[in-house]
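Coordinates as given in input.tsv (TSV, C-alpha atoms and all ligand atoms):
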chain	number	residue	atom	x	y	z
A	120	MET	CA	93.83	66.97	72.52
A	121	GLY	CA	91.20	64.36	73.36
A	122	SER	CA	89.96	61.39	71.42
A	123	GLU	CA	86.96	61.49	69.07
A	124	GLN	CA	84.59	60.42	71.88
A	125	HIS	CA	85.84	62.97	74.40
A	126	PRO	CA	86.92	66.09	72.58
A	127	MET	CA	88.72	68.51	74.88
A	128	LEU	CA	89.71	72.13	74.72
A	129	PRO	CA	93.40	72.95	74.27
A	130	VAL	CA	95.21	73.54	77.58
A	131	LEU	CA	97.86	76.30	77.57
A	132	HIS	CA	100.31	77.04	80.38
A	133	PHE	CA	100.70	80.61	81.60
A	134	THR	CA	102.83	80.21	84.69
A	135	LYS	CA	106.07	79.03	83.16
A	136	GLU	CA	109.01	80.90	84.69
A	137	ASP	CA	110.30	82.19	81.37
A	138	LEU	CA	106.96	83.36	79.97
A	139	LYS	CA	108.11	86.95	79.36
A	140	PRO	CA	107.57	89.02	76.19
A	141	GLY	CA	110.32	88.39	73.66
A	142	THR	CA	111.27	84.88	74.83
A	143	GLU	CA	110.86	81.79	72.65
A	144	SER	CA	108.33	80.43	75.11
A	145	TRP	CA	106.27	83.65	74.89
A	146	LEU	CA	106.25	83.58	71.09
A	147	ALA	CA	105.25	79.92	71.02
A	148	THR	CA	102.39	80.65	73.45
A	149	CYS	CA	101.25	83.59	71.26
A	150	ARG	CA	100.96	81.20	68.33
A	151	SER	CA	99.07	78.64	70.45
A	152	VAL	CA	96.66	81.30	71.73
A	153	ARG	CA	95.81	82.41	68.20
A	154	GLN	CA	95.45	78.85	66.96
A	155	ALA	CA	93.24	77.80	69.91
A	156	LEU	CA	91.00	80.87	69.50
A	157	GLU	CA	90.71	80.49	65.72
A	158	GLU	CA	89.88	76.79	66.00
A	159	HIS	CA	87.76	76.63	69.18
A	160	GLY	CA	87.02	80.20	70.28
A	161	CYS	CA	88.34	79.32	73.73
A	162	PHE	CA	90.90	77.35	75.71
A	163	VAL	CA	91.80	76.35	79.26
A	164	ALA	CA	94.61	78.42	80.79
A	165	VAL	CA	96.69	76.97	83.61
A	166	TYR	CA	97.59	79.89	85.84
A	167	ASP	CA	98.60	79.32	89.46
A	168	LYS	CA	98.45	82.86	90.85
A	169	ALA	CA	95.44	82.26	93.11
A	170	SER	CA	96.53	80.70	96.44
A	171	ASP	CA	94.44	78.08	98.27
A	172	GLU	CA	93.56	80.71	100.86
A	173	LEU	CA	92.28	82.99	98.10
A	174	GLN	CA	90.25	80.19	96.48
A	175	ASN	CA	88.64	79.34	99.82
A	176	GLY	CA	87.99	82.98	100.61
A	177	VAL	CA	86.39	83.64	97.22
A	178	PHE	CA	84.03	80.67	97.26
A	179	CYS	CA	83.05	81.19	100.94
A	180	SER	CA	82.33	84.86	100.14
A	181	MET	CA	80.18	83.83	97.18
A	182	LYS	CA	78.20	81.41	99.35
A	183	GLU	CA	77.63	84.19	101.90
A	184	LEU	CA	76.45	86.48	99.08
A	185	PHE	CA	74.04	84.06	97.45
A	186	ASP	CA	72.69	82.99	100.87
A	187	LEU	CA	71.34	86.55	101.33
A	188	PRO	CA	67.56	87.00	100.98
A	189	THR	CA	66.30	87.45	97.41
A	190	GLU	CA	65.08	91.01	98.18
A	191	THR	CA	68.61	91.98	99.20
A	192	LYS	CA	70.17	90.47	96.07
A	193	GLN	CA	67.59	92.32	93.97
A	194	ARG	CA	69.14	95.60	95.16
A	195	ASN	CA	71.91	94.89	92.62
A	196	THR	CA	70.55	96.88	89.69
A	197	TYR	CA	72.18	99.08	87.05
A	198	GLU	CA	69.91	101.53	85.32
A	199	GLY	CA	69.48	100.82	81.61
A	200	ALA	CA	71.70	97.72	81.74
A	201	PRO	CA	69.65	94.72	82.91
A	202	LEU	CA	72.46	92.34	81.97
A	203	LYS	CA	74.58	93.76	84.78
A	204	GLY	CA	72.06	93.33	87.61
A	205	TYR	CA	70.72	90.40	89.63
A	206	VAL	CA	69.31	87.51	87.61
A	207	GLY	CA	67.45	84.78	89.49
A	208	GLN	CA	64.15	82.98	89.92
A	209	HIS	CA	63.80	82.86	86.15
A	210	PRO	CA	61.25	80.18	85.20
A	211	LYS	CA	63.32	79.04	82.21
A	212	ILE	CA	66.50	78.58	84.26
A	213	PRO	CA	65.43	78.11	87.90
A	214	LEU	CA	68.84	76.79	88.97
A	215	HIS	CA	70.58	80.00	87.94
A	216	GLN	CA	71.44	83.11	89.94
A	217	SER	CA	74.00	85.75	89.03
A	218	MET	CA	75.04	89.27	89.95
A	219	GLY	CA	77.16	91.76	88.04
A	220	ILE	CA	79.73	94.10	89.54
A	221	ASP	CA	80.38	97.14	87.38
A	222	GLU	CA	84.08	98.15	87.25
A	223	GLY	CA	84.58	94.81	88.94
A	224	ALA	CA	88.38	94.81	88.74
A	225	THR	CA	88.58	97.93	90.95
A	226	LEU	CA	88.31	98.03	94.75
A	227	GLU	CA	85.87	100.97	94.48
A	228	GLY	CA	83.55	99.01	92.17
A	229	ILE	CA	83.54	96.00	94.50
A	230	GLN	CA	83.00	98.19	97.59
A	231	ARG	CA	80.06	99.98	95.95
A	232	PHE	CA	78.52	96.59	95.26
A	233	SER	CA	79.15	95.27	98.78
A	234	GLN	CA	77.48	98.35	100.29
A	235	LYS	CA	74.32	97.56	98.35
A	236	MET	CA	74.30	94.05	99.82
A	237	TRP	CA	75.48	94.75	103.36
A	238	PRO	CA	74.63	98.16	104.88
A	239	LYS	CA	78.04	98.35	106.59
A	240	GLY	CA	79.90	96.89	103.63
A	241	ASN	CA	81.84	93.64	103.94
A	242	ASP	CA	85.62	93.98	104.10
A	243	GLU	CA	86.36	90.26	103.80
A	244	PHE	CA	84.17	89.93	100.72
A	245	CYS	CA	85.83	92.97	99.11
A	246	LYS	CA	89.33	91.75	99.93
A	247	TYR	CA	88.90	88.30	98.42
A	248	ILE	CA	86.87	89.32	95.39
A	249	PHE	CA	89.26	92.18	94.58
A	250	GLU	CA	92.32	89.96	94.96
A	251	TYR	CA	90.71	87.38	92.69
A	252	ALA	CA	89.69	90.02	90.11
A	253	LYS	CA	93.30	91.23	89.94
A	254	VAL	CA	94.52	87.71	89.14
A	255	ALA	CA	91.89	87.32	86.39
A	256	GLU	CA	92.66	90.80	85.02
A	257	GLU	CA	96.37	90.01	84.89
A	258	LEU	CA	95.66	86.83	82.95
A	259	ASP	CA	93.29	88.71	80.61
A	260	ARG	CA	95.93	91.35	79.87
A	261	MET	CA	98.55	88.73	79.16
A	262	VAL	CA	96.19	86.95	76.77
A	263	ALA	CA	95.16	90.24	75.09
A	264	ARG	CA	98.79	91.14	74.52
A	265	MET	CA	99.39	87.72	73.00
A	266	ILE	CA	96.36	88.04	70.71
A	267	PHE	CA	97.51	91.44	69.39
A	268	GLU	CA	101.08	90.26	69.04
A	269	SER	CA	100.07	87.08	67.20
A	270	TYR	CA	98.44	89.22	64.47
A	271	GLY	CA	101.45	91.56	64.34
A	272	LEU	CA	99.34	94.36	65.90
A	273	LEU	CA	100.97	94.87	69.28
A	274	GLU	CA	100.26	98.63	69.04
A	275	TYR	CA	96.64	97.83	69.99
A	276	TYR	CA	97.75	96.68	73.43
A	277	ASP	CA	98.31	100.17	74.90
A	278	ALA	CA	94.80	101.22	73.90
A	279	TYR	CA	93.48	98.01	75.44
A	280	ILE	CA	95.20	98.68	78.75
A	281	GLY	CA	94.04	102.30	78.78
A	282	SER	CA	90.42	101.81	77.73
A	283	THR	CA	89.15	98.52	79.09
A	284	SER	CA	86.24	98.34	81.47
A	285	TYR	CA	85.76	95.08	83.32
A	286	LEU	CA	82.40	93.67	84.37
A	287	LEU	CA	82.72	90.95	86.99
A	288	ARG	CA	79.85	88.49	87.20
A	289	LEU	CA	79.37	86.12	90.12
A	290	LEU	CA	77.25	83.06	89.39
A	291	ALA	CA	75.66	80.31	91.45
A	292	HIS	CA	74.04	77.22	89.93
A	293	GLN	CA	72.13	74.89	92.17
A	294	ALA	CA	72.12	71.15	91.45
A	295	PRO	CA	68.81	69.88	90.06
A	296	GLU	CA	66.62	67.50	92.02
A	297	GLN	CA	65.62	65.59	88.88
A	298	VAL	CA	67.92	62.86	87.62
A	299	GLU	CA	68.02	64.38	84.14
A	300	PRO	CA	70.66	67.10	83.70
A	301	GLN	CA	69.08	70.59	83.67
A	302	LEU	CA	70.11	73.79	81.94
A	303	GLY	CA	71.67	76.29	84.33
A	304	LEU	CA	72.32	78.87	81.65
A	305	VAL	CA	71.00	78.82	78.08
A	306	ALA	CA	73.33	78.73	75.09
A	307	HIS	CA	74.72	82.18	74.24
A	308	THR	CA	77.83	83.98	73.11
A	309	ASP	CA	79.48	86.62	75.31
A	310	LYS	CA	79.39	90.26	74.23
A	311	SER	CA	82.82	90.97	75.70
A	312	PHE	CA	86.17	91.18	73.93
A	313	THR	CA	87.44	88.31	76.07
A	314	THR	CA	86.01	86.52	79.10
A	315	ILE	CA	88.00	84.85	81.87
A	316	LEU	CA	86.05	82.14	83.75
A	317	HIS	CA	86.86	80.35	86.97
A	318	GLN	CA	84.77	77.91	89.04
A	319	ASN	CA	84.75	75.75	92.15
A	320	HIS	CA	85.12	71.97	91.86
A	321	VAL	CA	81.79	71.42	90.02
A	322	ASN	CA	82.12	71.08	86.24
A	323	ALA	CA	79.06	71.99	84.12
A	324	LEU	CA	80.22	74.31	81.32
A	325	MET	CA	79.78	73.17	77.72
A	326	VAL	CA	81.19	74.92	74.65
A	327	GLU	CA	80.22	74.44	71.01
A	328	THR	CA	83.21	74.41	68.72
A	329	ARG	CA	83.27	75.62	65.11
A	330	ASN	CA	82.22	72.24	63.72
A	331	GLY	CA	79.14	72.06	65.97
A	332	THR	CA	80.47	69.63	68.59
A	333	TRP	CA	79.57	70.37	72.20
A	334	ILE	CA	82.55	69.89	74.53
A	335	ASP	CA	82.35	69.37	78.32
A	336	VAL	CA	84.83	71.81	79.82
A	337	GLU	CA	86.84	70.32	82.66
A	338	PHE	CA	88.30	73.14	84.73
A	339	SER	CA	87.70	72.12	88.30
A	340	SER	CA	91.37	72.44	89.26
A	341	ALA	CA	92.12	75.53	91.34
A	342	THR	CA	94.71	76.63	88.78
A	343	SER	CA	92.43	76.36	85.71
A	344	PHE	CA	90.68	79.26	84.01
A	345	VAL	CA	88.72	79.33	80.77
A	346	VAL	CA	89.63	82.06	78.29
A	347	MET	CA	86.77	82.69	75.87
A	348	ALA	CA	86.43	84.96	72.85
A	349	GLY	CA	83.44	87.32	72.97
A	350	ASP	CA	81.59	89.08	70.16
A	351	GLY	CA	83.95	92.07	70.46
A	352	LEU	CA	86.99	89.95	69.60
A	353	MET	CA	85.07	88.22	66.82
A	354	ALA	CA	84.34	91.60	65.21
A	355	TRP	CA	87.85	93.01	65.82
A	356	SER	CA	89.37	89.91	64.21
A	357	ASN	CA	87.00	90.26	61.24
A	358	ASP	CA	85.59	86.77	61.93
A	359	ARG	CA	88.96	85.02	62.05
A	360	ILE	CA	87.95	84.17	65.62
A	361	LYS	CA	84.33	83.19	66.34
A	362	SER	CA	82.79	83.76	69.77
A	363	PRO	CA	81.64	80.25	70.73
A	364	ASN	CA	78.18	79.30	71.91
A	365	HIS	CA	78.27	77.97	75.45
A	366	LYS	CA	75.86	76.88	78.18
A	367	VAL	CA	75.79	75.48	81.71
A	368	LEU	CA	74.29	72.02	82.17
A	369	MET	CA	73.91	70.95	85.81
A	370	SER	CA	73.80	67.30	86.88
A	371	ASN	CA	71.90	65.85	89.76
A	372	GLY	CA	73.96	64.97	92.83
A	373	ASN	CA	76.37	67.85	92.48
A	374	GLU	CA	76.90	70.59	95.00
A	375	THR	CA	76.16	74.21	94.17
A	376	ARG	CA	78.44	75.43	91.43
A	377	TYR	CA	79.97	78.85	92.03
A	378	SER	CA	81.70	80.52	89.10
A	379	LEU	CA	83.12	83.94	88.22
A	380	GLY	CA	83.32	85.62	84.83
A	381	LEU	CA	85.48	88.66	84.15
A	382	PHE	CA	84.23	90.34	80.96
A	383	ALA	CA	86.48	92.86	79.19
A	384	PHE	CA	84.81	95.69	77.25
A	385	TYR	CA	86.53	98.33	75.18
A	386	LYS	CA	85.39	101.82	76.22
A	387	GLY	CA	84.92	103.47	72.88
A	388	ILE	CA	84.48	102.75	69.22
A	389	MET	CA	85.97	99.51	68.02
A	390	LYS	CA	86.76	98.82	64.40
A	391	VAL	CA	88.35	96.11	62.33
A	392	PRO	CA	92.05	96.94	61.82
A	393	GLU	CA	92.99	97.69	58.19
A	394	GLU	CA	95.63	94.96	58.45
A	395	LEU	CA	92.92	92.33	58.97
A	396	ILE	CA	90.99	93.29	55.83
A	397	ASP	CA	91.99	91.78	52.47
A	398	GLU	CA	90.42	90.04	49.48
A	399	GLU	CA	90.07	86.81	51.38
A	400	HIS	CA	88.68	88.64	54.41
A	401	PRO	CA	86.43	91.51	53.26
A	402	VAL	CA	85.30	93.72	56.12
A	403	GLN	CA	82.41	92.15	58.08
A	404	TYR	CA	81.60	94.85	60.65
A	405	LYS	CA	81.07	98.60	60.78
A	406	PRO	CA	82.77	100.50	63.61
A	407	PHE	CA	80.74	99.89	66.77
A	408	ASP	CA	80.38	101.14	70.32
A	409	HIS	CA	81.43	98.12	72.35
A	410	LEU	CA	80.08	99.08	75.81
A	411	ALA	CA	76.71	100.02	74.29
A	412	LEU	CA	76.33	96.37	73.21
A	413	LEU	CA	75.54	95.63	76.86
A	414	ASN	CA	72.48	97.84	76.63
A	415	PHE	CA	71.36	96.24	73.40
A	416	THR	CA	68.90	93.38	73.80
A	417	TYR	CA	69.84	89.93	75.11
A	418	SER	CA	69.20	88.17	71.84
A	419	ALA	CA	71.15	90.61	69.71
A	420	ASN	CA	73.84	89.12	67.58
A	421	MET	CA	76.81	90.93	66.19
A	422	LYS	CA	75.58	90.88	62.58
A	423	ALA	CA	72.34	92.62	63.64
A	424	TYR	CA	74.25	95.17	65.71
A	425	CYS	CA	76.96	96.24	63.30
A	426	GLY	CA	77.25	93.81	60.37
A	427	VAL	CA	78.19	95.35	57.01
B	1	LIG	O1	79.41	79.75	84.74
B	1	LIG	C1	80.08	79.62	83.72
B	1	LIG	O2	81.04	78.85	83.64
B	1	LIG	C2	79.71	80.39	82.47
B	1	LIG	C3	79.00	81.68	82.70
B	1	LIG	C4	78.70	82.40	81.43
B	1	LIG	O3	78.75	81.86	80.37
B	1	LIG	C5	78.34	83.83	81.44
B	1	LIG	O4	78.11	84.38	82.53
B	1	LIG	O5	78.29	84.46	80.36
B	2	FE	FE	78.89	83.34	78.80
Let me see whether you can do it: turn the structure in this file into structure tokens.
Ligand SMILES: O=C(O)CCC(=O)C(=O)O
Ligand SMILES: [Fe+2]
Amino acid sequence: MGSEQHPMLPVLHFTKEDLKPGTESWLATCRSVRQALEEHGCFVAVYDKASDELQNGVFCSMKELFDLPTETKQRNTYEGAPLKGYVGQHPKIPLHQSMGIDEGATLEGIQRFSQKMWPKGNDEFCKYIFEYAKVAEELDRMVARMIFESYGLLEYYDAYIGSTSYLLRLLAHQAPEQVEPQLGLVAHTDKSFTTILHQNHVNALMVETRNGTWIDVEFSSATSFVVMAGDGLMAWSNDRIKSPNHKVLMSNGNETRYSLGLFAFYKGIMKVPEELIDEEHPVQYKPFDHLALLNFTYSANMKAYCGV
């Protein structure tokens, strides 16, 4: 962990040879995952499953996508769910553009999206984005299993595998012309259960930890991902884990920052497990429809949505 002046997020390694369920190394990582999430709400995962060719392919494909005319990008809409569609040219955050891909960890979902952008589709785009999404999904599932296991609730993992819907979001943040750093994305918490983030070489993400300190997140290495707790995990854990506030702050002189977020949502009603309710932790949330949170307003917080 960093010094007082430069606090850093914990860094956990997920590509050790012996990281298999049941091994000592697995159990130790489960404990570290729980500790990192309870203390910071997120951590950096080192995971080397994305080759250099894949990295290049993904970021070139994203450049090609965001270089399309605005009218074309605006064809990315999802009825009743504005958070999934194209966001750009917003006066409050002019550097920001992003596009959601529904069922973004499936080839069908990515193809449907590519057909909206390119009349004949775009096989290269689909190939790279799908291959990337699979890597992020694999990491997400490993982390989810570790979270459940660390609370002695491994039985939740099968339901997670069977009922998770992934929204993939592709983001581009331009560098500001002014010398002063500019907000690329305003402070918010994610509505997901967990979020897996990846980026090109431009750092700009900041996360607020439990004690109110804002940390610059360094994850420009090709093997680094950020794992972040969303509001769904906060509610499931009965507030043992808090979804952290985070924002993007772009500095002058940088290149365009491309990043990808894979957001996991539970398809169905989520509720706090009995095992996580006791005198010290009285129940904080009513059962809630997790996917419907996406249709709830932007500013909604979890307490307003389903607090007891
Ligand atoms: O670009 C990033 O690193 C963060 C994006 C983000 O926070 C979001 O899309 O919810
Ligand atoms: Fe976010």
Between CA of Ser339 in chain A and CA of His320 in chain A lies a distance of 4.4 Å
Which one is closest to ligand FE 2 (chain B): A:Asp171, A:Glu157, A:Asp309, A:Asp350? Count only C-alpha atoms and all ligand atoms.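 Looking at the shortest contact to ligand FE 2 (chain B), the residue is A:Asp309.
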Neighbour list for range 177-189 of chain A as a PyMOL selection string, cut-off 10 Å, all atoms listed in the file, skip fewer than 5 positions in-chain: chain A and resi 171-172+194+205+207-208+216-218+233+236-237+241+243-251+289-291+318-319+375-379
What are the nearest atom pairs, with distances in Å to one decimal, for all residues of chain A that come at most 10 Å from ligand LIG 1 (chain B), using all atoms listed in the file, set out by chain and rising residue number as CSV?
residue,atom,partner,partner_atom,distance
A:Leu202,CA,B:LIG1,O4,9.8
A:His215,CA,B:LIG1,O1,9.4
A:Ser217,CA,B:LIG1,O4,7.8
A:Met218,CA,B:LIG1,O4,9.4
A:Gly219,CA,B:LIG1,O4,9.3
A:Leu287,CA,B:LIG1,O4,9.2
A:Arg288,CA,B:LIG1,O4,6.5
A:Leu289,CA,B:LIG1,O4,7.9
A:Leu290,CA,B:LIG1,O1,6.1
A:Ala291,CA,B:LIG1,O1,7.7
A:His292,CA,B:LIG1,O1,7.9
A:Gly303,CA,B:LIG1,O1,8.5
A:Leu304,CA,B:LIG1,O3,7.2
A:Val305,CA,B:LIG1,O3,8.6
A:Ala306,CA,B:LIG1,O3,8.2
A:His307,CA,B:LIG1,O3,7.3
A:Thr308,CA,B:LIG1,O5,7.3
A:Asp309,CA,B:LIG1,O5,5.6
A:Lys310,CA,B:LIG1,O5,8.5
A:Ser311,CA,B:LIG1,O5,9.2
A:Thr314,CA,B:LIG1,O5,8.1
A:Ile315,CA,B:LIG1,O2,9.4
A:Leu316,CA,B:LIG1,O2,6.0
A:His317,CA,B:LIG1,O2,6.9
A:Gln318,CA,B:LIG1,O2,6.6
A:Asn319,CA,B:LIG1,O2,9.8
A:Val321,CA,B:LIG1,O2,9.8
A:Asn322,CA,B:LIG1,O2,8.3
A:Ala323,CA,B:LIG1,O2,7.2
A:Leu324,CA,B:LIG1,O2,5.2
A:Met325,CA,B:LIG1,O2,8.3
A:Val326,CA,B:LIG1,O3,9.3
A:Val336,CA,B:LIG1,O2,8.9
A:Phe338,CA,B:LIG1,O2,9.3
A:Phe344,CA,B:LIG1,O2,9.7
A:Val345,CA,B:LIG1,O2,8.2
A:Met347,CA,B:LIG1,O3,9.2
A:Gly349,CA,B:LIG1,O5,9.5
A:Asn364,CA,B:LIG1,O3,8.9
A:His365,CA,B:LIG1,O3,6.3
A:Lys366,CA,B:LIG1,O3,6.2
A:Val367,CA,B:LIG1,C1,6.3
A:Leu368,CA,B:LIG1,O1,9.6
A:Arg376,CA,B:LIG1,O1,8.0
A:Tyr377,CA,B:LIG1,O1,7.4
A:Ser378,CA,B:LIG1,O1,5.0
A:Leu379,CA,B:LIG1,O1,6.6
A:Gly380,CA,B:LIG1,O4,5.8
A:Leu381,CA,B:LIG1,O4,8.7
A:Phe382,CA,B:LIG1,O5,8.4
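The residue that comes closest to ligand FE 2 (chain B), out of A:Asn357, A:Gln230, A:Ser362, A:Asn373 and on the basis of only C-alpha atoms and all ligand atoms, is A:Ser362.
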Report the distance between CA of Asp335 in chain A and CA of Met127 in chain A in Å, rounded to one decimal place.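 If I compute the distance from CA of Asp335 in chain A to CA of Met127 in chain A, I get 7.3 Å.
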Pick the closest to ligand FE 2 (chain B) from A:Glu268, A:Glu327, A:Glu398, A:Glu227: which is it, counting all atoms listed in the file?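 For ligand FE 2 (chain B), the nearest of the candidates is A:Glu327.
Around the point (87.1, 84.1, 69.2), within 9 Å and counting only C-alpha atoms, we find these residues: Arg153, Ala155, Leu156, Glu157, Glu158, His159, Gly160, Cys161, Phe312, Thr313, Met347, Ala348, Gly349, Asp350, Gly351, Leu352, Met353, Ala354, Ser356, Asp358, Arg359, Ile360, Lys361, Ser362 and Pro363 of chain A.
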Which residues come within 7 Å of Ala294 in chain A, counting all atoms listed in the file, excluding same-chain residues fewer than 4 positions away, as a PyMOL selection string? chain A and resi 214+369-375
Using all atoms listed in the file, which of the listed residues (A:Ala169, A:Leu413, A:Leu258, A:Met265) sits closest to Thr148 in chain A? A:Met265
Contacts of range 387-394 of chain A at 10 Å or less, counting all atoms listed in the file, minus same-chain residues fewer than 6 places along, as a list in words?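 That gives Tyr270, Gly271, Leu272, Tyr275, Ser282, Thr283, Gly351, Leu352, Met353, Ala354, Trp355, Ser356, Asn357, Asp358, Val402, Gln403, Tyr404, Lys405, Pro406, Phe407, Asp408, His409, Leu410 and Ala411 of chain A.
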Looking at all atoms listed in the file, which of A:His125, A:Arg329, A:His132, A:Arg260 is the one that sits closest to Ala278 in chain A? A:Arg260
By how many Å are CA of Val130 in chain A and CA of Arg150 in chain A apart?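 CA of Val130 in chain A sits 13.3 Å away from CA of Arg150 in chain A.
Nearest to Ala164 in chain A of all the residues A:Thr191, A:Gln293, A:Thr328, A:Ser340 is A:Ser340, based on all atoms listed in the file.
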Let me have the centre and edge lengths in Å, one decimal, of the box along x, y and z around every listed atom of range 315-331 of chain A with 6 Å of margin on each side, as lines of an AutoDock Vina configuration file.
center_x = 83.5
center_y = 78.0
center_z = 77.9
size_x = 20.9
size_y = 25.8
size_z = 40.4
